Structure formats: C-alpha cells, structure tokens
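Student: Below you'll find final13.cif; it's mmCIF, C-alpha atoms.
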data_run
loop_
_atom_site.label_atom_id
_atom_site.label_comp_id
_atom_site.auth_asym_id
_atom_site.auth_seq_id
_atom_site.Cartn_x
_atom_site.Cartn_y
_atom_site.Cartn_z
CA MET K 1085 -16.89 -13.83 4.79
CA ARG K 1086 -15.36 -12.88 1.45
CA ARG K 1087 -18.73 -11.87 0.08
CA THR K 1088 -19.43 -9.82 3.22
CA LEU K 1089 -16.22 -7.87 2.72
CA GLU K 1090 -16.87 -7.32 -1.00
CA ASN K 1091 -20.41 -6.09 -0.34
CA ARG K 1092 -19.24 -3.76 2.41
CA LEU K 1093 -16.54 -2.24 0.23
CA GLU K 1094 -18.88 -1.82 -2.73
CA ALA K 1095 -21.51 -0.09 -0.57
CA LEU K 1096 -18.92 2.28 0.87
CA CYS K 1097 -17.55 3.07 -2.57
CA ARG K 1098 -20.99 3.95 -3.91
CA LYS K 1099 -21.62 6.16 -0.88
CA PHE K 1100 -18.38 8.11 -1.40
CA GLY K 1101 -18.69 8.45 -5.17
CA TYR K 1102 -16.20 5.82 -6.43
CA ALA K 1103 -17.03 4.62 -9.94
CA PRO K 1104 -16.60 0.95 -10.92
CA TYR K 1105 -13.52 0.22 -13.03
CA LYS K 1106 -13.18 -2.74 -15.39
CA MET K 1107 -10.06 -3.62 -17.32
CA SER K 1108 -9.16 -6.24 -19.89
CA ARG K 1109 -7.57 -9.47 -18.77
CA PHE K 1110 -4.62 -8.56 -20.97
CA GLU K 1111 -2.38 -5.50 -21.14
CA GLU K 1112 0.55 -4.58 -23.34
CA TYR K 1113 3.70 -6.13 -21.90
CA GLU K 1114 5.58 -2.87 -22.47
CA LEU K 1115 3.57 -1.23 -19.66
CA TYR K 1116 5.00 -3.69 -17.15
CA VAL K 1117 8.53 -3.57 -18.56
CA ARG K 1118 8.64 0.22 -18.23
CA ASN K 1119 7.39 0.04 -14.65
CA LYS K 1120 8.84 -3.25 -13.41
CA ASP K 1121 10.33 -1.58 -10.31
CA PHE K 1122 6.79 -0.96 -9.12
CA LEU K 1123 5.64 -4.57 -9.47
CA GLN K 1124 5.81 -7.22 -6.75
CA SER K 1125 7.66 -9.47 -9.22
CA ASP K 1126 9.15 -8.93 -12.68
CA ARG K 1127 7.91 -12.36 -13.80
CA VAL K 1128 4.87 -11.92 -16.06
CA ILE K 1129 2.94 -14.36 -18.26
CA THR K 1130 3.27 -13.16 -21.87
CA PHE K 1131 1.96 -14.17 -25.30
CA SER K 1132 1.80 -12.69 -28.80
CA GLY K 1133 -1.42 -11.03 -29.96
CA ARG K 1134 -2.85 -11.34 -33.47
CA ASP K 1135 -1.40 -7.96 -34.41
CA GLY K 1136 2.09 -8.99 -33.29
CA ARG K 1137 2.09 -7.02 -30.05
CA LEU K 1138 3.45 -8.76 -26.96
CA LEU K 1139 0.67 -8.97 -24.39
CA ALA K 1140 0.67 -9.97 -20.74
CA MET K 1141 -1.79 -11.51 -18.31
CA LYS K 1142 -2.22 -8.62 -15.89
CA PRO K 1143 -0.13 -8.94 -12.70
CA ASP K 1144 -1.40 -5.59 -11.40
CA VAL K 1145 -4.44 -3.30 -11.65
CA THR K 1146 -2.97 -0.03 -10.37
CA LEU K 1147 -0.68 0.47 -13.38
CA SER K 1148 -3.63 0.27 -15.77
CA ILE K 1149 -5.69 2.75 -13.72
CA VAL K 1150 -2.82 5.24 -13.53
CA LYS K 1151 -2.06 4.89 -17.25
CA ASN K 1152 -5.65 5.71 -18.17
CA ALA K 1153 -6.22 8.42 -15.57
CA PRO K 1154 -7.00 11.83 -17.16
CA GLU K 1155 -4.69 14.70 -16.28
CA ASP K 1156 -7.19 17.45 -15.55
CA PRO K 1157 -5.82 20.12 -13.18
CA GLY K 1158 -7.71 20.02 -9.90
CA ALA K 1159 -9.60 16.84 -10.77
CA VAL K 1160 -9.61 13.59 -8.81
CA ARG K 1161 -10.54 10.23 -10.31
CA LYS K 1162 -12.01 7.80 -7.76
CA VAL K 1163 -12.56 4.19 -8.81
CA HIS K 1164 -13.11 0.77 -7.28
CA TYR K 1165 -12.58 -2.62 -8.90
CA ARG K 1166 -12.83 -6.38 -8.53
CA GLU K 1167 -10.30 -8.14 -10.75
CA ASN K 1168 -8.22 -11.28 -11.12
CA VAL K 1169 -4.46 -10.80 -11.36
CA TYR K 1170 -1.78 -13.34 -12.22
CA ARG K 1171 1.33 -13.45 -10.07
CA GLN K 1172 4.17 -15.78 -9.24
CA ASP K 1173 3.88 -17.47 -5.87
CA ARG K 1174 6.94 -16.67 -3.74
CA ASP K 1175 7.06 -20.15 -2.20
CA SER K 1176 6.31 -22.49 -5.10
CA GLY K 1177 7.44 -20.27 -8.00
CA ASN K 1178 4.24 -21.14 -9.88
CA PHE K 1179 1.82 -18.54 -11.18
CA ARG K 1180 -1.47 -18.09 -9.38
CA GLU K 1181 -4.74 -16.42 -10.26
CA ILE K 1182 -5.57 -14.06 -7.40
CA LEU K 1183 -8.91 -12.36 -6.87
CA GLN K 1184 -8.63 -8.89 -5.40
CA ALA K 1185 -10.87 -5.89 -4.89
CA GLY K 1186 -9.57 -2.41 -4.46
CA VAL K 1187 -9.87 1.35 -4.46
CA GLU K 1188 -7.73 3.94 -6.25
CA CYS K 1189 -7.82 7.73 -5.99
CA VAL K 1190 -5.69 9.55 -8.58
CA GLY K 1191 -5.25 13.26 -9.37
CA ASP K 1192 -5.22 16.31 -7.14
CA VAL K 1193 -5.15 14.17 -4.01
CA GLY K 1194 -5.03 16.06 -0.71
CA PRO K 1195 -5.53 15.33 3.01
CA TYR K 1196 -9.27 14.74 2.57
CA GLU K 1197 -8.80 12.08 -0.12
CA VAL K 1198 -6.04 10.37 1.89
CA SER K 1199 -8.26 10.25 4.98
CA GLU K 1200 -11.20 9.01 2.92
CA VAL K 1201 -9.28 6.07 1.44
CA VAL K 1202 -7.95 5.02 4.86
CA TYR K 1203 -11.47 5.30 6.25
CA LEU K 1204 -12.76 3.00 3.49
CA ALA K 1205 -10.02 0.48 4.24
CA ALA K 1206 -10.67 0.47 7.99
CA ASN K 1207 -14.44 0.20 7.61
CA SER K 1208 -14.17 -2.57 5.05
CA LEU K 1209 -12.11 -4.59 7.53
CA ALA K 1210 -14.59 -3.83 10.29
CA ALA K 1211 -17.21 -5.76 8.31
CA LEU K 1212 -15.37 -8.94 9.31
CA GLY K 1213 -16.16 -8.32 12.97
CA ASP K 1214 -13.76 -8.57 15.89
CA GLY K 1215 -10.17 -9.62 15.39
CA THR K 1216 -9.22 -7.15 12.65
CA ILE K 1217 -6.51 -4.51 12.80
CA LEU K 1218 -5.30 -1.80 10.44
CA SER K 1219 -1.57 -1.09 10.77
CA LEU K 1220 -0.37 2.37 9.74
CA SER K 1221 3.05 3.72 8.82
CA HIS K 1222 4.35 6.84 7.08
CA VAL K 1223 7.39 7.03 4.82
CA GLY K 1224 7.71 10.75 5.51
CA LEU K 1225 7.95 10.21 9.25
CA ILE K 1226 10.58 7.50 8.84
CA ARG K 1227 12.62 9.78 6.59
CA HIS K 1228 12.20 12.64 9.10
CA ALA K 1229 13.42 10.48 12.01
CA LEU K 1230 16.49 9.29 10.09
CA GLN K 1231 17.38 12.84 9.04
CA LYS K 1232 17.01 14.15 12.59
CA SER K 1233 19.27 11.38 13.86
CA GLY K 1234 22.14 12.58 11.66
CA LEU K 1235 22.72 9.04 10.40
CA PRO K 1236 24.94 9.12 7.27
CA GLU K 1237 23.14 8.56 3.97
CA GLY K 1238 25.14 5.39 3.31
CA CYS K 1239 23.83 3.77 6.49
CA ARG K 1240 20.15 4.50 5.99
CA LYS K 1241 19.37 1.38 3.96
CA GLN K 1242 20.72 -0.71 6.83
CA ALA K 1243 18.62 1.35 9.24
CA LEU K 1244 15.52 0.68 7.13
CA ASP K 1245 16.26 -3.05 7.23
CA CYS K 1246 16.45 -2.83 11.02
CA LEU K 1247 13.09 -1.07 11.11
CA ARG K 1248 11.51 -3.61 8.76
CA GLN K 1249 12.67 -6.48 10.97
CA LYS K 1250 12.09 -4.55 14.25
CA ARG K 1251 15.68 -4.99 15.37
CA GLU K 1252 15.74 -2.07 17.80
CA GLN K 1253 19.05 -2.90 19.49
CA GLU K 1254 20.84 -3.24 16.15
CA LEU K 1255 19.35 0.08 15.03
CA ARG K 1256 20.57 1.75 18.22
CA ALA K 1257 24.06 0.29 17.79
CA LEU K 1258 24.17 1.49 14.16
CA CYS K 1259 23.37 5.05 15.24
CA GLU K 1260 25.90 5.02 18.06
CA ALA K 1261 28.63 3.61 15.82
CA ASN K 1262 28.11 6.51 13.41
CA GLY K 1263 27.81 9.28 15.99
CA ALA K 1264 24.09 9.70 15.32
CA ASP K 1265 21.28 10.43 17.76
CA ALA K 1266 19.50 7.09 18.22
CA ARG K 1267 16.41 8.54 19.88
CA PRO K 1268 14.35 9.55 16.82
CA PRO K 1269 14.63 6.28 14.86
CA VAL K 1270 14.51 3.82 17.80
CA THR K 1271 11.23 5.41 18.86
CA LEU K 1272 9.56 4.03 15.75
CA PRO K 1273 9.76 0.26 16.40
CA ARG K 1274 8.18 0.80 19.84
CA ALA K 1275 5.30 3.05 18.77
CA ARG K 1276 1.84 1.54 18.69
CA THR K 1277 -0.32 4.66 19.12
CA ILE K 1278 0.12 8.29 18.13
CA ASP K 1279 0.75 9.17 21.80
CA ASP K 1280 3.97 7.13 21.64
CA LEU K 1281 5.33 9.75 19.21
CA ASP K 1282 4.54 12.84 21.28
CA HIS K 1283 8.21 13.51 22.10
CA LEU K 1284 9.21 13.59 18.39
CA GLU K 1285 9.65 16.95 16.73
CA SER K 1286 6.46 17.87 14.90
CA CYS K 1287 6.45 17.54 11.11
CA GLU K 1288 3.87 17.31 8.33
CA ALA K 1289 3.91 13.50 8.32
CA LEU K 1290 3.32 13.28 12.08
CA GLU K 1291 0.39 15.68 11.89
CA GLU K 1292 -1.09 13.71 8.99
CA LEU K 1293 -0.90 10.51 11.02
CA ARG K 1294 -2.47 12.29 13.98
CA GLN K 1295 -5.43 13.47 11.90
CA ILE K 1296 -6.02 10.05 10.36
CA THR K 1297 -5.84 8.06 13.59
CA ALA K 1298 -8.36 10.50 15.12
CA LEU K 1299 -10.90 9.34 12.50
CA LEU K 1300 -10.56 5.65 13.32
CA ASP K 1301 -11.58 3.36 16.15
CA PRO K 1302 -8.49 3.15 18.45
CA ALA K 1303 -9.24 -0.53 19.08
CA GLN K 1304 -8.86 -1.35 15.38
CA VAL K 1305 -5.75 0.63 14.45
CA ARG K 1306 -2.09 0.58 15.46
CA LEU K 1307 1.17 2.08 14.25
CA ASP K 1308 3.75 -0.26 12.72
CA PHE K 1309 6.76 1.43 11.12
CA SER K 1310 8.16 -1.85 9.84
CA LEU K 1311 5.75 -1.30 6.92
CA GLY K 1312 7.40 1.85 5.60
CA ASN K 1313 10.69 0.49 4.32
CA ASP K 1314 9.73 0.43 0.62
CA MET K 1315 10.52 4.08 -0.12
CA LYS K 1316 11.06 3.29 -3.81
CA TYR K 1317 7.32 2.77 -4.23
CA TYR K 1318 5.52 4.50 -1.37
CA SER K 1319 5.77 8.24 -0.79
CA GLY K 1320 3.59 8.88 2.25
CA LEU K 1321 1.08 6.90 4.25
CA VAL K 1322 1.36 3.08 4.15
CA PHE K 1323 -1.09 0.62 5.69
CA LYS K 1324 -1.94 -3.08 5.92
CA GLY K 1325 -5.00 -4.89 7.21
CA TYR K 1326 -5.03 -8.13 9.18
CA VAL K 1327 -7.69 -10.49 10.46
CA ARG K 1328 -7.30 -13.08 13.20
CA GLY K 1329 -6.71 -16.52 11.73
CA VAL K 1330 -4.90 -15.42 8.58
CA PRO K 1331 -1.07 -15.36 8.76
CA ALA K 1332 -0.63 -12.69 6.06
CA SER K 1333 -2.19 -9.31 5.41
CA VAL K 1334 -5.59 -9.32 3.71
CA LEU K 1335 -5.35 -5.63 2.74
CA SER K 1336 -2.45 -3.48 1.57
CA GLY K 1337 -2.24 0.11 0.41
CA GLY K 1338 -0.69 3.55 0.61
CA GLN K 1339 0.33 6.68 -1.27
CA TYR K 1340 2.35 6.02 -4.41
CA ASP K 1341 3.16 9.41 -5.96
CA ARG K 1342 6.50 8.11 -7.25
CA LEU K 1343 4.76 5.78 -9.70
CA LEU K 1344 2.86 8.70 -11.24
CA SER K 1345 6.04 10.75 -11.52
CA HIS K 1346 7.77 7.79 -13.17
CA MET K 1347 4.90 7.55 -15.69
CA GLY K 1348 5.18 11.27 -16.48
CA LYS K 1349 2.00 12.35 -14.70
CA ASN K 1350 1.84 15.48 -12.55
CA ALA K 1351 -0.53 14.07 -9.94
CA ARG K 1352 -0.74 12.18 -6.66
CA ALA K 1353 -2.41 8.90 -5.78
CA ILE K 1354 -3.47 6.61 -2.95
CA GLY K 1355 -5.25 3.27 -2.95
CA PHE K 1356 -5.48 -0.20 -1.50
CA ALA K 1357 -6.22 -3.78 -2.50
CA LEU K 1358 -8.08 -6.51 -0.63
CA TYR K 1359 -6.64 -9.99 -1.16
CA LEU K 1360 -9.82 -12.01 -1.25
CA ASP K 1361 -7.99 -15.31 -1.71
CA GLN K 1362 -6.57 -14.90 1.81
CA LEU K 1363 -10.11 -14.82 3.19
CA GLU K 1364 -10.90 -18.05 1.35
CA ARG K 1365 -8.14 -19.71 3.38
CA LEU K 1366 -9.79 -18.47 6.58
CA GLU K 1367 -13.15 -19.84 5.51
CA GLU K 1368 -11.58 -23.22 4.74
#
Mind turning the file's structure into structure tokens?
Tutor:
Amino acid sequence: MRRTLENRLEALCRKFGYAPYKMSRFEEYELYVRNKDFLQSDRVITFSGRDGRLLAMKPDVTLSIVKNAPEDPGAVRKVHYRENVYRQDRDSGNFREILQAGVECVGDVGPYEVSEVVYLAANSLAALGDGTILSLSHVGLIRHALQKSGLPEGCRKQALDCLRQKREQELRALCEANGADARPPVTLPRARTIDDLDHLESCEALEELRQITALLDPAQVRLDFSLGNDMKYYSGLVFKGYVRGVPASVLSGGQYDRLLSHMGKNARAIGFALYLDQLERLEE
C-alpha cells in the first residue's frame, strides 16, 4: 500500500512538472533555531561538524526547500521529495525516524498552483482505494467569520480553541457573552460541504474553497474547520488526508506564506507531506 501511494504520487508529479528534490541528512542547526515556531517540536538532534558548525538531523524538509528556493519574480519552483526526518514522538518522548514523501510549490503561487497541489493530494489518496477522505479548511474563511461576528480580538484565541475541538455550544456562548453575532462562526463546525456555507457573506476565501471543491470527487472530500486553528503557520488553505483503519492523518498540507515572510522571501508557497510510516501501521 505504501509503495502504491509513492508510485502514484511520483507519476502525478512527473506529469505536472515537479522536479525531484534531494537534501542532505544534516542541516545547520541555526536554520531550525531561527524558524523554531514553524516546527512541530523545538527538540532537534544536534552534533558538531568537523568544521565546528553545529549541525542537526533534519526534523523537516520544507525549511530546506524554502531556504534554497530562488527568488525570481514571476517564477514558481515545483518539487517533490522522499526523505527521512527525525522527530520526537509526542507519546514516548523518544526520537523517531519517519519516512515521508511530499510536494512543495514555492514562488509566484496563484489559484492555479493551489488547485494543482490539492488535486495532487486528493489523487494520491485515491490510489489507496475506497475509505479515503481529504478534509479541507481555510484560515482566511475562519478569520472572516470571526471578524463578521464582531467577537473582540482578545476572545478569538478561545474561539479558535472551540473550533479546533468542535465545541459549538461553547463557541455560541462565547459570542453571546461578548455581544457578538454567533451565526458566522458557529456555521463552521457544522459545515461538511460547500453548500453548507451558502448563507455566509461571500469573500475571497469562500470562493477559493468553492473552486477547489468543484475539482474534486464529492465523495472523497469534506470541509473540516477544526483544521484551521494554526494561524501562526498557515495563511490560507489547509488540508489533511485520512484512510480507513489509520487513527491519524496520513497526509497534511496547506499554504504557508508566513514562513516565507519570516525567512525574508517575497513569495508564496503551498505543499503537503505524506506520512508513509502511518501506512506501514495499516499494512501491519
């Protein structure tokens, strides 16, 4: 099953012009220190190189791709990879070697590139047969709903926590306690298809979601706004892929323009990673 997914993704990437990307097992530790807010964990395996530099076993591939991406106006760099990363397990606290494959699109990214990456993600999952689902969210739409509600800025983190945990009644009570209109935000936990959002005021994020869902098989996609709570990292579309029999997501991705801005690059980006170790659990 893992090999099927890898082969499907590689074939799609070749078809759409994504070049293979290969990085060293090690990276300068400073890269991760400067961008630790964009890592899943700030724990990194480090060691001293022969030249005295502090190196790290790579916990992430995206940072390396963004760091090395050329800044040519109007250009888009499209790459795919298959790499091992080294991360701390949340349950045991031990470090694990994780095999992942992924796609990154960096540069003058527009609606076409966004749609293309989501299409690659959905069709990679489809290679696993029935029982797969791609969940979509959009940070821009969440922000729009909270602004339209009139919820005070100081309460929005709590509102995001309610969305992440799908606590609709608590979200409604929070809006009412602060004199805000509960209708825009409480719509989000209920929405499963784009039609569930028809009564919301139109905005750029809603139209982007509408265009993307129109490209995908309705049976294999759903909306899930509990995914869009990490506004520190994601800036637009967010998505996760699931397969029946695996308790965690096997695919995760989205738009991450804030990382590029933080690294001093005037560009946009979107990508996703497939967690191939999760599929090994399913095979076992």
Student: Quick one: residues within 12 Å of (-9.9, -3.2, 7.3) (file frame), counting only C-alpha atoms, please, as a ChimeraX atom specification.
Tutor: /K:1089-1090,1092-1093,1186,1201-1220,1300-1301,1304-1306,1323-1328,1333-1337,1356-1359
Student: Let me make sure I understand: among K:Arg1276, K:Lys1250, K:His1346, K:His1164, which one has the smallest atom-to-atom distance to Leu1096 (chain K) if we use only C-alpha atoms?
Tutor: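 Closest residue, counting only C-alpha atoms: K:His1164.
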Student: So that I can see what lies close to Val1198 (chain K), please list as a PDB file with C-alpha atoms, keeping the file's coordinate frame the residues with an atom at most 9 Å from it, counting only C-alpha atoms and leaving out residues fewer than 4 positions away in the same chain.
Tutor:
ATOM      1  CA  CYS K1189      -7.820   7.730  -5.990  1.00  0.00           C
ATOM      2  CA  VAL K1193      -5.150  14.170  -4.010  1.00  0.00           C
ATOM      3  CA  GLY K1194      -5.030  16.060  -0.710  1.00  0.00           C
ATOM      4  CA  VAL K1202      -7.950   5.020   4.860  1.00  0.00           C
ATOM      5  CA  TYR K1203     -11.470   5.300   6.250  1.00  0.00           C
ATOM      6  CA  ILE K1296      -6.020  10.050  10.360  1.00  0.00           C
ATOM      7  CA  LEU K1321       1.080   6.900   4.250  1.00  0.00           C
ATOM      8  CA  GLY K1338      -0.690   3.550   0.610  1.00  0.00           C
ATOM      9  CA  GLN K1339       0.330   6.680  -1.270  1.00  0.00           C
ATOM     10  CA  ALA K1353      -2.410   8.900  -5.780  1.00  0.00           C
ATOM     11  CA  ILE K1354      -3.470   6.610  -2.950  1.00  0.00           C
ATOM     12  CA  GLY K1355      -5.250   3.270  -2.950  1.00  0.00           C
TER      13      GLY K1355
END
Student: Between K:Glu1111, K:Leu1230, K:Gly1329, K:Phe1309, which one has atoms that come closest to Phe1131 (chain K), using only C-alpha atoms?
Tutor: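 Using only C-alpha atoms, Phe1131 (chain K) sits closest to K:Glu1111.
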Student: Looking at K:Leu1363, K:Leu1343, K:Ala1298, K:Leu1307, which one is nearest to Val1330 (chain K), with distances taken over all atoms listed in the file?
Tutor: K:Leu1363
Student: Using the chain letters and residue numbers of this document, give as number ranges by chain the residues selected by the PyMOL selection byres ((chain K and resi 1244) around 12).
Tutor: K: 1223, 1226-1227, 1229-1230, 1235, 1237-1243, 1245-1252, 1254-1255, 1258, 1269-1270, 1272-1273, 1309-1315
Student: At what distance in Å, to one decimal, does CA of Gly1191 (chain K) lie from CA of Ala1351 (chain K)?
Tutor: 4.8 Å
Student: Kindly resolve the PyMOL selection byres ((chain K and resi 1113-1127) around 6) on the present coordinates and return the residues as a list of chain:residue names.
Tutor: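 When the PyMOL selection byres ((chain K and resi 1113-1127) around 6) is applied to the shown file, the picked residues are K:Glu1112, K:Val1128, K:Leu1138, K:Leu1139, K:Ala1140.
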Student: Put those residues in a file: C-alpha atoms, as a short mmCIF file (atom, residue, chain, number, x, y, z; two decimals), in the frame of the given file.
Tutor:
data_model
loop_
_atom_site.label_atom_id
_atom_site.label_comp_id
_atom_site.auth_asym_id
_atom_site.auth_seq_id
_atom_site.Cartn_x
_atom_site.Cartn_y
_atom_site.Cartn_z
CA GLU K 1112 0.55 -4.58 -23.34
CA VAL K 1128 4.87 -11.92 -16.06
CA LEU K 1138 3.45 -8.76 -26.96
CA LEU K 1139 0.67 -8.97 -24.39
CA ALA K 1140 0.67 -9.97 -20.74
#
Student: Name the closest residue to Asp1361 (chain K) among the candidates K:Asp1192, K:Glu1292, K:Met1107, K:Ala1332; distances are taken between atoms, counting all atoms listed in the file.
Tutor: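 Of the candidates, the smallest distance to Asp1361 (chain K) is held by K:Ala1332.
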Student: Written as an MDAnalysis selection string, what is the full residue list that the PyMOL selection byres ((chain K and resi 1153) around 12) yields on the file shown?
Tutor: chainID K and resid 1105 1146:1152 1154:1157 1159:1163 1188:1192 1344 1347:1353
Student: Quick one: distance from CA of Gln1184 (chain K) to CA of Arg1087 (chain K) in Å, one decimal?
Tutor: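 CA of Arg1087 (chain K) lies 11.9 Å from CA of Gln1184 (chain K).
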Student: What is the CA of Leu1290 (chain K)-CA of Leu1225 (chain K) distance in Å, reported with one decimal?
Tutor: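 We find that CA of Leu1290 (chain K) and CA of Leu1225 (chain K) lie 6.2 Å from each other.
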